[in-house]
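Asks: What follows is data-v9.txt; its format and atoms are compact mmCIF, C-alpha atoms.
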```txt
# COMPACT_ATOMS: atom_id res chain seq x y z
CA MET I 1 -29.44 -13.37 3.75
CA SER I 2 -30.15 -17.03 3.20
CA VAL I 3 -27.61 -19.75 3.77
CA SER I 4 -27.22 -20.51 0.07
CA ALA I 5 -26.61 -16.83 -0.72
CA MET I 6 -23.99 -16.71 2.01
CA LEU I 7 -22.35 -19.82 0.61
CA LEU I 8 -22.27 -18.18 -2.81
CA VAL I 9 -20.60 -15.08 -1.37
CA PHE I 10 -18.12 -17.32 0.43
CA ILE I 11 -17.20 -19.25 -2.73
CA LYS I 12 -16.97 -16.07 -4.79
CA THR I 13 -14.68 -14.40 -2.26
CA ILE I 14 -12.35 -17.36 -1.87
CA LEU I 15 -12.14 -17.83 -5.64
CA VAL I 16 -11.29 -14.20 -6.40
CA VAL I 17 -8.75 -13.99 -3.58
CA SER I 18 -7.06 -17.20 -4.71
CA VAL I 19 -6.72 -15.86 -8.25
CA PHE I 20 -5.42 -12.62 -6.78
CA LEU I 21 -2.79 -14.50 -4.77
CA ILE I 22 -1.60 -16.26 -7.93
CA HIS I 23 -1.25 -12.84 -9.56
CA VAL I 24 0.75 -11.66 -6.55
CA MET I 25 3.00 -14.71 -6.89
CA TYR I 26 3.55 -14.24 -10.61
CA VAL I 27 4.07 -10.50 -10.58
CA GLN I 28 7.56 -11.04 -9.22
CA TYR I 29 8.32 -13.12 -12.32
CA PHE I 30 7.01 -10.22 -14.39
CA GLU I 31 9.20 -7.83 -12.40
CA ARG I 32 12.33 -9.88 -12.87
CA LYS I 33 11.67 -10.24 -16.58
CA VAL I 34 10.98 -6.51 -17.06
CA ILE I 35 14.04 -5.42 -15.10
CA GLY I 36 16.13 -8.12 -16.72
CA HIS I 37 15.28 -6.96 -20.22
CA MET I 38 15.79 -3.32 -19.27
CA GLN I 39 19.31 -4.27 -18.20
CA SER I 40 19.94 -6.37 -21.35
CA ARG I 41 19.57 -9.64 -19.48
CA MET I 42 17.05 -12.41 -19.96
CA GLY I 43 15.70 -12.64 -16.40
CA PRO I 44 14.73 -16.08 -15.06
CA MET I 45 15.19 -18.71 -17.80
CA ARG I 46 16.01 -22.04 -16.12
CA VAL I 47 12.89 -23.31 -14.36
CA GLY I 48 10.27 -24.19 -16.94
CA TRP I 49 9.80 -22.60 -20.35
CA HIS I 50 11.37 -19.12 -20.18
CA GLY I 51 11.45 -19.51 -16.41
CA LEU I 52 7.68 -19.66 -16.08
CA LEU I 53 7.82 -22.01 -13.10
CA GLN I 54 10.28 -19.77 -11.24
CA PRO I 55 7.72 -18.34 -8.74
CA ILE I 56 6.62 -21.86 -7.81
CA ALA I 57 10.20 -22.97 -7.33
CA ASP I 58 10.84 -19.90 -5.18
CA SER I 59 7.81 -20.61 -3.04
CA ILE I 60 8.87 -24.20 -2.48
CA LYS I 61 12.38 -23.09 -1.60
CA LEU I 62 11.09 -20.54 0.93
CA PHE I 63 8.82 -23.17 2.38
CA PHE I 64 11.80 -25.36 3.19
CA LYS I 65 13.95 -22.58 4.65
CA GLU I 66 14.82 -22.51 8.31
CA ASP I 67 12.76 -20.07 10.37
CA ILE I 68 15.30 -18.16 12.45
CA ILE I 69 13.95 -16.16 15.37
CA PRO I 70 16.61 -14.05 17.10
CA SER I 71 16.85 -14.82 20.80
CA ALA I 72 16.43 -11.13 21.68
CA ALA I 73 13.24 -10.80 19.65
CA ASP I 74 9.89 -9.92 21.15
CA ARG I 75 8.29 -13.21 20.15
CA PRO I 76 4.51 -12.60 20.02
CA ILE I 77 4.94 -9.33 18.09
CA PHE I 78 7.60 -10.88 15.90
CA TYR I 79 5.14 -13.65 14.94
CA ILE I 80 2.17 -11.39 14.38
CA ALA I 81 3.78 -8.57 12.35
CA PRO I 82 4.00 -10.26 8.91
CA ILE I 83 0.50 -11.67 9.29
CA ILE I 84 -0.94 -8.20 9.92
CA GLY I 85 0.76 -7.11 6.72
CA VAL I 86 -0.76 -9.93 4.71
CA ILE I 87 -4.25 -9.36 6.09
CA ALA I 88 -4.12 -5.64 5.34
CA GLY I 89 -2.55 -6.08 1.91
CA VAL I 90 -4.75 -8.88 0.64
CA SER I 91 -8.08 -7.70 2.03
CA SER I 92 -7.79 -4.21 0.49
CA VAL I 93 -8.53 -5.83 -2.85
CA ALA I 94 -12.11 -6.51 -1.74
CA VAL I 95 -13.59 -3.18 -2.78
CA ILE I 96 -11.90 -2.74 -6.16
CA PRO I 97 -14.43 -3.29 -8.98
CA LEU I 98 -13.16 -5.91 -11.42
CA TRP I 99 -15.86 -5.54 -14.03
CA GLU I 100 -19.25 -3.86 -14.26
CA ASN I 101 -20.90 -3.86 -10.81
CA PHE I 102 -18.63 -6.64 -9.61
CA SER I 103 -16.37 -6.24 -6.63
CA ILE I 104 -16.00 -8.73 -3.80
CA ALA I 105 -17.60 -6.24 -1.41
CA ASN I 106 -19.51 -3.30 -2.83
CA LEU I 107 -18.96 -0.82 -0.01
CA ASN I 108 -20.10 2.79 0.01
CA VAL I 109 -16.94 3.72 1.85
CA GLY I 110 -14.65 1.99 -0.66
CA ILE I 111 -11.90 4.61 -0.72
CA LEU I 112 -11.95 5.01 3.05
CA TYR I 113 -11.67 1.25 3.46
CA ILE I 114 -8.54 1.10 1.33
CA LEU I 115 -6.97 4.07 3.12
CA ALA I 116 -7.76 2.50 6.49
CA LEU I 117 -6.17 -0.80 5.55
CA SER I 118 -3.09 0.87 4.13
CA SER I 119 -2.66 2.54 7.54
CA ILE I 120 -2.90 -0.85 9.21
CA ALA I 121 -0.27 -2.19 6.84
CA SER I 122 2.23 0.26 8.27
CA TYR I 123 1.77 -1.44 11.65
CA SER I 124 3.25 -4.64 10.31
CA VAL I 125 6.39 -2.80 9.28
CA ILE I 126 6.89 -0.86 12.50
CA LEU I 127 5.99 -3.82 14.74
CA GLY I 128 8.30 -6.08 12.78
CA GLY I 129 11.10 -3.54 13.05
CA TRP I 130 10.53 -3.05 16.77
CA ALA I 131 10.15 -6.70 17.69
CA SER I 132 13.32 -7.83 15.91
CA ASN I 133 15.40 -5.98 18.50
CA SER I 134 18.12 -5.21 16.01
CA LYS I 135 19.50 -1.81 15.05
CA TYR I 136 18.88 -2.15 11.34
CA SER I 137 15.33 -3.35 11.85
CA PHE I 138 14.61 -0.63 14.35
CA LEU I 139 15.80 2.16 12.09
CA GLY I 140 14.02 0.64 9.10
CA GLY I 141 10.76 0.43 11.03
CA LEU I 142 11.04 4.03 12.25
CA ARG I 143 11.81 5.42 8.85
CA SER I 144 9.09 3.43 7.23
CA SER I 145 6.39 4.50 9.65
CA ALA I 146 7.30 8.20 9.32
CA GLN I 147 7.38 7.89 5.54
CA VAL I 148 4.11 5.99 5.26
CA ILE I 149 2.12 8.32 7.50
CA SER I 150 3.50 11.40 5.74
CA TYR I 151 2.54 10.19 2.30
CA GLU I 152 -0.76 8.83 3.44
CA ILE I 153 -2.00 12.37 4.06
CA ALA I 154 -1.04 13.46 0.56
CA MET I 155 -2.63 10.34 -0.91
CA GLY I 156 -5.86 10.77 1.06
CA LEU I 157 -6.12 14.43 0.12
CA SER I 158 -5.50 13.72 -3.56
CA LEU I 159 -8.43 11.30 -3.59
CA VAL I 160 -10.75 13.98 -2.17
CA GLY I 161 -10.80 15.64 -5.59
CA VAL I 162 -11.92 12.37 -7.20
CA MET I 163 -14.67 11.96 -4.60
CA MET I 164 -15.87 15.49 -5.27
CA MET I 165 -16.07 14.81 -9.01
CA ALA I 166 -17.93 11.55 -8.54
CA GLY I 167 -20.00 12.54 -5.50
CA SER I 168 -19.33 9.14 -3.98
CA ALA I 169 -16.65 7.12 -2.25
CA ASN I 170 -17.98 3.90 -3.77
CA LEU I 171 -15.49 2.74 -6.39
CA ASN I 172 -18.21 1.40 -8.68
CA ASP I 173 -19.90 4.80 -8.72
CA ILE I 174 -16.57 6.46 -9.38
CA VAL I 175 -16.09 4.32 -12.49
CA LYS I 176 -19.61 5.14 -13.68
CA ALA I 177 -19.01 8.85 -13.10
CA GLN I 178 -16.16 8.63 -15.61
CA ALA I 179 -18.43 7.65 -18.49
CA ASN I 180 -17.94 11.08 -20.07
CA GLY I 181 -14.21 11.25 -19.63
CA TRP I 182 -11.55 9.85 -17.36
CA PHE I 183 -10.69 11.78 -14.23
CA ILE I 184 -7.02 11.85 -15.16
CA VAL I 185 -7.70 14.95 -17.27
CA PRO I 186 -9.50 17.22 -14.77
CA GLN I 187 -7.64 15.68 -11.82
CA ILE I 188 -4.14 15.60 -13.28
CA ILE I 189 -2.61 17.19 -10.15
CA ALA I 190 -4.35 14.65 -7.97
CA PHE I 191 -3.14 11.85 -10.22
CA VAL I 192 0.50 12.89 -10.03
CA VAL I 193 0.29 13.33 -6.24
CA PHE I 194 -1.53 10.03 -5.87
CA PHE I 195 0.82 7.98 -7.98
CA ILE I 196 4.02 9.26 -6.39
CA SER I 197 2.49 8.90 -2.91
CA ALA I 198 1.50 5.35 -3.78
CA LEU I 199 5.15 4.61 -4.61
CA ALA I 200 6.15 5.90 -1.18
CA GLU I 201 3.25 4.17 0.54
CA THR I 202 4.24 0.75 -0.80
CA ASN I 203 7.95 1.37 -0.09
CA ARG I 204 8.91 1.04 -3.74
CA VAL I 205 11.92 2.55 -5.51
CA PRO I 206 12.74 5.48 -5.51
CA PHE I 207 11.28 5.68 -1.99
CA ASP I 208 12.41 2.30 -0.67
CA LEU I 209 14.33 3.88 2.20
CA PRO I 210 12.99 1.49 4.86
CA GLU I 211 14.84 -1.31 3.10
CA ALA I 212 17.74 0.63 1.65
CA GLU I 213 20.16 -2.28 1.39
CA THR I 214 23.28 -0.13 1.15
CA GLU I 215 22.72 1.41 4.58
CA LEU I 216 20.12 -0.66 6.45
CA VAL I 217 20.76 -4.17 5.07
CA SER I 218 17.11 -5.16 4.66
CA GLY I 219 15.50 -2.62 6.98
CA PHE I 220 12.62 -3.90 9.06
CA ALA I 221 12.92 -7.38 7.52
CA THR I 222 16.61 -7.89 8.41
CA GLU I 223 15.94 -10.48 11.12
CA TYR I 224 13.17 -12.27 9.25
CA SER I 225 13.84 -15.41 7.26
CA GLY I 226 12.06 -18.09 5.30
CA MET I 227 8.30 -17.98 5.11
CA ARG I 228 7.91 -15.04 7.47
CA TRP I 229 10.05 -12.91 5.23
CA ALA I 230 8.02 -14.12 2.25
CA LEU I 231 4.86 -12.86 3.94
CA PHE I 232 6.29 -9.34 4.14
CA PHE I 233 7.18 -9.63 0.49
CA MET I 234 3.70 -10.84 -0.37
CA ALA I 235 2.12 -7.95 1.55
CA GLU I 236 4.26 -5.46 -0.34
CA TYR I 237 3.27 -6.84 -3.73
CA ALA I 238 -0.39 -7.11 -2.75
CA GLY I 239 -0.20 -3.46 -1.73
CA MET I 240 1.26 -2.62 -5.12
CA PHE I 241 -1.65 -4.34 -6.84
CA VAL I 242 -4.17 -2.47 -4.71
CA MET I 243 -2.55 0.90 -5.38
CA SER I 244 -2.37 0.21 -9.13
CA GLY I 245 -5.98 -0.96 -9.10
CA LEU I 246 -7.03 2.15 -7.22
CA ALA I 247 -5.16 4.39 -9.67
CA ALA I 248 -6.77 2.59 -12.62
CA THR I 249 -10.23 2.83 -11.05
CA CYS I 250 -10.09 6.43 -9.86
CA PHE I 251 -8.24 8.02 -12.75
CA LEU I 252 -8.36 5.77 -15.81
CA GLY I 253 -11.98 4.65 -15.71
CA GLY I 254 -11.45 1.18 -14.19
CA TRP I 255 -13.30 -1.49 -16.13
CA SER I 256 -14.87 0.91 -18.63
CA GLY I 257 -13.76 0.64 -22.24
CA PRO I 258 -15.09 -0.35 -25.65
CA GLN I 259 -16.83 -3.71 -25.74
CA ILE I 260 -14.47 -6.45 -26.86
CA PRO I 261 -16.32 -8.85 -29.19
CA PHE I 262 -17.47 -12.24 -27.79
CA MET I 263 -16.32 -11.40 -24.27
CA GLY I 264 -19.56 -10.17 -22.68
CA THR I 265 -19.02 -8.68 -19.23
CA MET I 266 -15.49 -10.12 -19.18
CA SER I 267 -14.47 -7.33 -21.53
CA GLY I 268 -14.58 -5.04 -18.49
CA LEU I 269 -12.18 -7.34 -16.64
CA ILE I 270 -9.75 -7.31 -19.58
CA TRP I 271 -9.76 -3.52 -19.73
CA PHE I 272 -9.28 -3.31 -15.98
CA LEU I 273 -6.37 -5.77 -15.99
CA MET I 274 -4.71 -3.94 -18.88
CA LYS I 275 -4.84 -0.65 -16.99
CA LEU I 276 -3.72 -2.33 -13.76
CA TYR I 277 -0.74 -4.02 -15.37
CA MET I 278 0.21 -0.80 -17.11
CA PHE I 279 0.63 0.79 -13.69
CA ILE I 280 2.52 -2.22 -12.40
CA PHE I 281 4.81 -2.00 -15.41
CA ILE I 282 5.42 1.68 -14.58
CA TYR I 283 6.36 0.64 -11.03
CA PHE I 284 9.03 -1.70 -12.42
CA TRP I 285 10.13 0.79 -15.02
CA ILE I 286 10.71 3.37 -12.29
CA ARG I 287 12.61 0.79 -10.27
CA ALA I 288 14.91 0.08 -13.20
CA THR I 289 15.44 3.77 -13.91
CA LEU I 290 15.65 5.96 -10.83
CA PRO I 291 18.15 6.06 -7.97
CA ARG I 292 16.99 6.19 -4.37
CA TYR I 293 15.88 9.42 -2.69
CA ARG I 294 17.59 10.82 0.37
CA TYR I 295 15.49 10.71 3.54
CA ASP I 296 15.34 14.46 4.19
CA GLN I 297 14.42 15.06 0.54
CA LEU I 298 11.70 12.45 0.82
CA MET I 299 10.10 14.01 3.89
CA GLY I 300 10.46 17.50 2.43
CA LEU I 301 8.81 16.41 -0.82
CA GLY I 302 5.86 14.92 1.02
CA TRP I 303 5.21 17.72 3.48
CA LYS I 304 6.27 20.80 1.55
CA ILE I 305 5.13 19.98 -1.97
CA PHE I 306 2.53 17.22 -2.13
CA ILE I 307 0.28 18.26 0.75
CA PRO I 308 -0.07 21.88 -0.44
CA LEU I 309 -0.53 20.62 -4.00
CA ALA I 310 -3.28 18.24 -2.93
CA LEU I 311 -5.02 21.01 -0.95
CA LEU I 312 -4.73 23.32 -3.95
CA ASN I 313 -6.30 20.65 -6.09
CA ILE I 314 -9.26 20.45 -3.72
CA VAL I 315 -9.75 24.22 -3.88
CA ILE I 316 -9.51 24.26 -7.69
CA THR I 317 -11.92 21.34 -8.03
CA GLY I 318 -14.36 23.06 -5.67
CA LEU I 319 -14.16 26.32 -7.61
CA VAL I 320 -14.63 24.65 -10.99
CA LYS I 321 -17.64 22.72 -9.74
CA ILE I 322 -19.25 25.84 -8.26
CA LEU I 323 -18.82 27.91 -11.41
CA MET C 1 -36.40 -7.42 11.28
CA PRO C 2 -36.98 -3.71 11.99
CA GLY C 3 -34.40 -1.99 14.08
CA THR C 4 -31.62 -4.45 13.39
CA TYR C 5 -29.29 -3.59 10.56
CA ILE C 6 -27.24 -6.49 9.27
CA PRO C 7 -24.40 -5.17 7.13
CA THR C 8 -24.44 -7.96 4.55
CA ASN C 9 -22.10 -5.93 2.35
CA TYR C 10 -19.41 -6.49 4.92
CA LEU C 11 -19.67 -10.28 4.99
CA PRO C 12 -17.12 -10.69 2.17
CA VAL C 13 -14.77 -8.35 4.03
CA ALA C 14 -14.91 -10.61 7.08
CA ILE C 15 -14.38 -13.70 4.90
CA ILE C 16 -11.43 -12.18 3.05
CA MET C 17 -9.72 -11.09 6.29
CA VAL C 18 -10.08 -14.52 7.87
CA PHE C 19 -8.89 -16.16 4.65
CA ALA C 20 -5.85 -13.87 4.44
CA ALA C 21 -4.99 -14.62 8.06
CA LEU C 22 -5.31 -18.35 7.38
CA VAL C 23 -3.05 -18.11 4.31
CA GLY C 24 -0.44 -16.26 6.38
CA LEU C 25 -0.66 -18.57 9.36
CA GLY C 26 -0.92 -21.67 7.23
CA ALA C 27 2.22 -20.85 5.27
CA VAL C 28 4.23 -20.43 8.47
CA VAL C 29 2.71 -23.27 10.47
CA ALA C 30 2.67 -25.91 7.72
CA GLY C 31 6.38 -25.33 7.16
CA ILE C 32 7.17 -26.63 10.65
CA LEU C 33 6.77 -30.18 9.29
CA VAL C 34 9.40 -29.84 6.58
CA ARG C 35 11.85 -27.09 7.46
CA PRO C 36 15.06 -27.72 9.37
CA ARG C 37 15.64 -26.30 12.83
CA ARG C 38 19.26 -26.06 13.89
CA PRO C 39 19.66 -22.99 16.07
CA TYR C 40 22.99 -22.01 17.60
CA LEU C 41 24.21 -18.87 19.33
CA GLN C 42 25.81 -17.13 16.35
CA LYS C 43 22.68 -17.62 14.29
CA LEU C 44 20.37 -16.23 16.93
CA ILE C 45 22.10 -12.96 17.79
CA ALA C 46 20.96 -9.80 16.01
CA TYR C 47 22.65 -9.14 12.68
CA GLU C 48 25.16 -6.34 12.81
CA SER C 49 27.25 -6.89 9.71
CA GLY C 50 29.07 -9.82 11.26
CA ASN C 51 30.30 -8.05 14.40
CA PRO C 52 28.99 -8.88 17.84
CA PRO C 53 26.10 -6.49 18.64
CA VAL C 54 27.15 -3.35 20.47
CA GLY C 55 24.88 -1.72 23.05
CA GLU C 56 21.11 -1.57 23.11
CA PRO C 57 19.37 -1.84 19.75
CA ARG C 58 16.54 0.46 20.83
CA TYR C 59 18.60 3.54 21.42
CA ARG C 60 17.49 7.18 21.44
CA PHE C 61 16.29 8.45 18.11
CA SER C 62 15.50 11.84 16.64
CA VAL C 63 12.57 13.75 18.12
CA LYS C 64 11.56 14.55 14.52
CA PHE C 65 9.74 11.25 14.31
CA TYR C 66 7.46 12.29 17.18
CA ILE C 67 6.75 15.65 15.55
CA ILE C 68 5.85 13.93 12.29
CA ALA C 69 3.54 11.57 14.16
CA MET C 70 1.78 14.47 15.90
CA LEU C 71 1.41 16.41 12.65
CA PHE C 72 0.02 13.29 11.04
CA VAL C 73 -2.79 13.16 13.59
CA VAL C 74 -3.73 16.79 12.90
CA PHE C 75 -3.69 16.45 9.13
CA ASP C 76 -5.36 13.09 9.10
CA VAL C 77 -8.26 14.41 11.16
CA GLU C 78 -8.52 17.20 8.64
CA ALA C 79 -8.63 14.68 5.80
CA VAL C 80 -11.33 12.73 7.64
CA PHE C 81 -13.45 15.89 7.74
CA LEU C 82 -12.89 16.40 4.03
CA TYR C 83 -14.18 12.97 2.92
CA PRO C 84 -17.87 13.34 3.86
CA TRP C 85 -17.74 16.93 2.65
CA ALA C 86 -16.39 15.80 -0.73
CA VAL C 87 -19.06 13.13 -1.16
CA ALA C 88 -21.87 15.57 -0.34
CA TYR C 89 -20.31 18.48 -2.23
CA ASP C 90 -22.96 18.69 -4.97
CA LYS C 91 -25.73 19.06 -2.39
CA LEU C 92 -23.96 21.65 -0.25
CA GLY C 93 -23.53 24.25 -2.99
CA ILE C 94 -21.78 27.56 -2.42
CA PHE C 95 -22.26 27.37 1.35
CA GLY C 96 -20.29 24.14 1.55
CA PHE C 97 -17.50 25.61 -0.54
CA VAL C 98 -17.09 28.75 1.59
CA GLU C 99 -17.29 26.72 4.78
CA MET C 100 -14.52 24.38 3.70
CA MET C 101 -12.35 27.21 2.40
CA LEU C 102 -12.51 28.75 5.88
CA PHE C 103 -11.53 25.39 7.37
CA ILE C 104 -8.62 24.95 4.98
CA PHE C 105 -7.55 28.55 5.60
CA ILE C 106 -7.37 28.01 9.36
CA LEU C 107 -5.43 24.83 8.77
CA LEU C 108 -3.10 26.68 6.42
CA ILE C 109 -2.18 29.15 9.17
CA GLY C 110 -1.16 26.24 11.37
CA TYR C 111 0.70 24.65 8.46
CA ILE C 112 2.71 27.82 7.80
CA TYR C 113 3.48 28.11 11.52
CA VAL C 114 4.77 24.54 11.64
CA TRP C 115 6.84 25.13 8.52
CA LYS C 116 8.38 28.33 9.97
CA LYS C 117 9.19 26.47 13.18
CA GLY C 118 11.23 24.07 11.08
CA ALA C 119 9.30 20.86 11.61
CA PHE C 120 9.87 19.81 7.99
CA VAL C 121 13.63 20.34 8.04
CA TRP C 122 15.78 17.24 8.52
CA GLU C 123 19.37 18.04 9.18
```
Show me the file's structure as structure tokens.
Replies:
Amino acid sequence: MSVSAMLLVFIKTILVVSVFLIHVMYVQYFERKVIGHMQSRMGPMRVGWHGLLQPIADSIKLFFKEDIIPSAADRPIFYIAPIIGVIAGVSSVAVIPLWENFSIANLNVGILYILALSSIASYSVILGGWASNSKYSFLGGLRSSAQVISYEIAMGLSLVGVMMMAGSANLNDIVKAQANGWFIVPQIIAFVVFFISALAETNRVPFDLPEAETELVSGFATEYSGMRWALFFMAEYAGMFVMSGLAATCFLGGWSGPQIPFMGTMSGLIWFLMKLYMFIFIYFWIRATLPRYRYDQLMGLGWKIFIPLALLNIVITGLVKIL
Amino acid sequence: MPGTYIPTNYLPVAIIMVFAALVGLGAVVAGILVRPRRPYLQKLIAYESGNPPVGEPRYRFSVKFYIIAMLFVVFDVEAVFLYPWAVAYDKLGIFGFVEMMLFIFILLIGYIYVWKKGAFVWE
């Protein structure tokens, strides 16, 4: 690889990630607006036109907030935990194809890469909870790690069916394999398992037990403040984007869709973003609608229902392909 | 160069990880210049709903969490075996299918055993 090619890759990567970070910043505006309107409120309205500058104002505010580190905290781990979260959350986006044959890194092990990074993301939560040396944080971290590892199995197994259909773990190939029909139809069981597991994996309502504010204050993030807390928040939303992007790519055909006039290859990007934001909207919709699960129900659901269902889906897919 | 494989596909992954780390670090470190720092005892003790903290925060917790962690290792290894199998499924044919059904069947016996032992019950 020549130096100029490397420079090109460098610029491309930084550019895409920067745009991604702006999306991550603005999705919380989207969330507040969606939930606001679902509750007959307006959502943010004061900063800028219809509150459009709200995320920027929030960032500036968090930037100026005092950074409180409890004296009992395990300092090095306390510092490193949110940064692990951000690295894992943001870098998972690298393998998701944005339009035809374009992803930041076109890896043959795309799905494995995302699953691996989502495992690493759970470290940030448990390390943060442990290092804070506070009861609420500790319990939040424990709960979260048990929940995330339980649902990760179901999520990983549900994606096996998709890999069998496509014969590849490369996300670009998976999109191309869906030229004759989206995988949501033959893999409907896998889709349901995947989407609900993704909710649990990103600690979203109705599975937001690690940060159940009525019992655990703010869970693993109780002792975090200012910018460090914001990094946890950023990691969570980046994770949400990655899961929605993965769902759109594996089950709804990713960037594929009818050519939009005058858009060229960008038409793929528009289709992809529409599918992605549809999933993100569903995340918020669920948050505005459903109450929180109980912890024993959550673990029971994961181990007793989703794992057998995902295994059954693999067997069915195998049988159908053989016949 | 023969014999040396340079994974150029992974260069963007390295760049993105370093960039993400710099964004995280930068946000925290740059704030030192502008944010206030006025620590005092009450602010620095662990939050316990306004009361002074009682006892050790890292107290004994349910053994269930260990069991879940151990089960996770077993099932995750199983999933790891399934990934290459799934990718190569078209080439393996009926042999691959029967082989994996046997594997899943053996796993299922263990799964039922664990269920009967009550590992999935949270009281």
Asks: How many Å lie between CA of Trp49 (chain I) and CA of Val205 (chain I), rounded to one decimal?
Replies: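 Taking CA of Trp49 (chain I) and CA of Val205 (chain I), their separation equals 29.3 Å.
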Asks: Rounded to one decimal in Å, what is the spacing between CA of Phe284 (chain I) and CA of Ala200 (chain I)?
Replies: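 Value for the CA of Phe284 (chain I)-CA of Ala200 (chain I) distance: 13.9 Å.
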Asks: Enumerate as a PyMOL selection string the residues belonging to chain I that approach chain C to within 6 Å, with only C-alpha atoms taken into account.
Replies: chain I and resi 63-66+70-71+83+87+91+105+133-135+163-164+167-168+227+296
Asks: List the spatial neighbours of region 37-39 of chain I as a VMD selection string - criterion: any atom at most 8 Å away, all atoms listed in the file, same-chain residues fewer than 4 positions off excluded.
Replies: chain I and resid 33 43 288
Asks: Would you work out the distance separating CA of Thr13 (chain I) from CA of Ala94 (chain I), expressed in Å to one decimal?
Replies: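 Between CA of Thr13 (chain I) and CA of Ala94 (chain I) the gap works out to 8.3 Å.
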Asks: Smallest atom-to-atom distance to Leu107 (chain I): which of I:Ile35, I:Ile270, I:Val93, I:Leu62, using all atoms listed in the file?
Replies: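 For Leu107 (chain I), the nearest of the candidates is I:Val93.
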Asks: List as a PDB file with C-alpha atoms, in the frame of the given file: which residues have an atom within 9 Å of (-8.7, 13.0, -1.6), counting all atoms listed in the file?
Replies:
```pdb
ATOM      1  CA  ILE I 153      -2.000  12.370   4.060  1.00  0.00           C
ATOM      2  CA  ALA I 154      -1.040  13.460   0.560  1.00  0.00           C
ATOM      3  CA  MET I 155      -2.630  10.340  -0.910  1.00  0.00           C
ATOM      4  CA  GLY I 156      -5.860  10.770   1.060  1.00  0.00           C
ATOM      5  CA  LEU I 157      -6.120  14.430   0.120  1.00  0.00           C
ATOM      6  CA  SER I 158      -5.500  13.720  -3.560  1.00  0.00           C
ATOM      7  CA  LEU I 159      -8.430  11.300  -3.590  1.00  0.00           C
ATOM      8  CA  VAL I 160     -10.750  13.980  -2.170  1.00  0.00           C
ATOM      9  CA  GLY I 161     -10.800  15.640  -5.590  1.00  0.00           C
ATOM     10  CA  VAL I 162     -11.920  12.370  -7.200  1.00  0.00           C
ATOM     11  CA  MET I 163     -14.670  11.960  -4.600  1.00  0.00           C
ATOM     12  CA  MET I 164     -15.870  15.490  -5.270  1.00  0.00           C
ATOM     13  CA  ALA I 190      -4.350  14.650  -7.970  1.00  0.00           C
ATOM     14  CA  PHE I 194      -1.530  10.030  -5.870  1.00  0.00           C
ATOM     15  CA  ALA I 310      -3.280  18.240  -2.930  1.00  0.00           C
ATOM     16  CA  LEU I 311      -5.020  21.010  -0.950  1.00  0.00           C
ATOM     17  CA  ILE I 314      -9.260  20.450  -3.720  1.00  0.00           C
TER      18      ILE I 314
ATOM     19  CA  ALA C  79      -8.630  14.680   5.800  1.00  0.00           C
ATOM     20  CA  LEU C  82     -12.890  16.400   4.030  1.00  0.00           C
ATOM     21  CA  TYR C  83     -14.180  12.970   2.920  1.00  0.00           C
ATOM     22  CA  ALA C  86     -16.390  15.800  -0.730  1.00  0.00           C
TER      23      ALA C  86
END
```
Asks: Restricting the calculation to only C-alpha atoms: of I:Ala177, I:Ile120, I:Met299, I:Ile307, which residue gets closest to Ala235 (chain I)?
Replies: I:Ile120
Asks: So which one's closest to Pro210 (chain I), I:Arg228, I:Arg32, I:Arg294, I:Arg46? Using all atoms listed in the file, please.
Replies: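 Under the stated criterion, the closest residue is I:Arg294.
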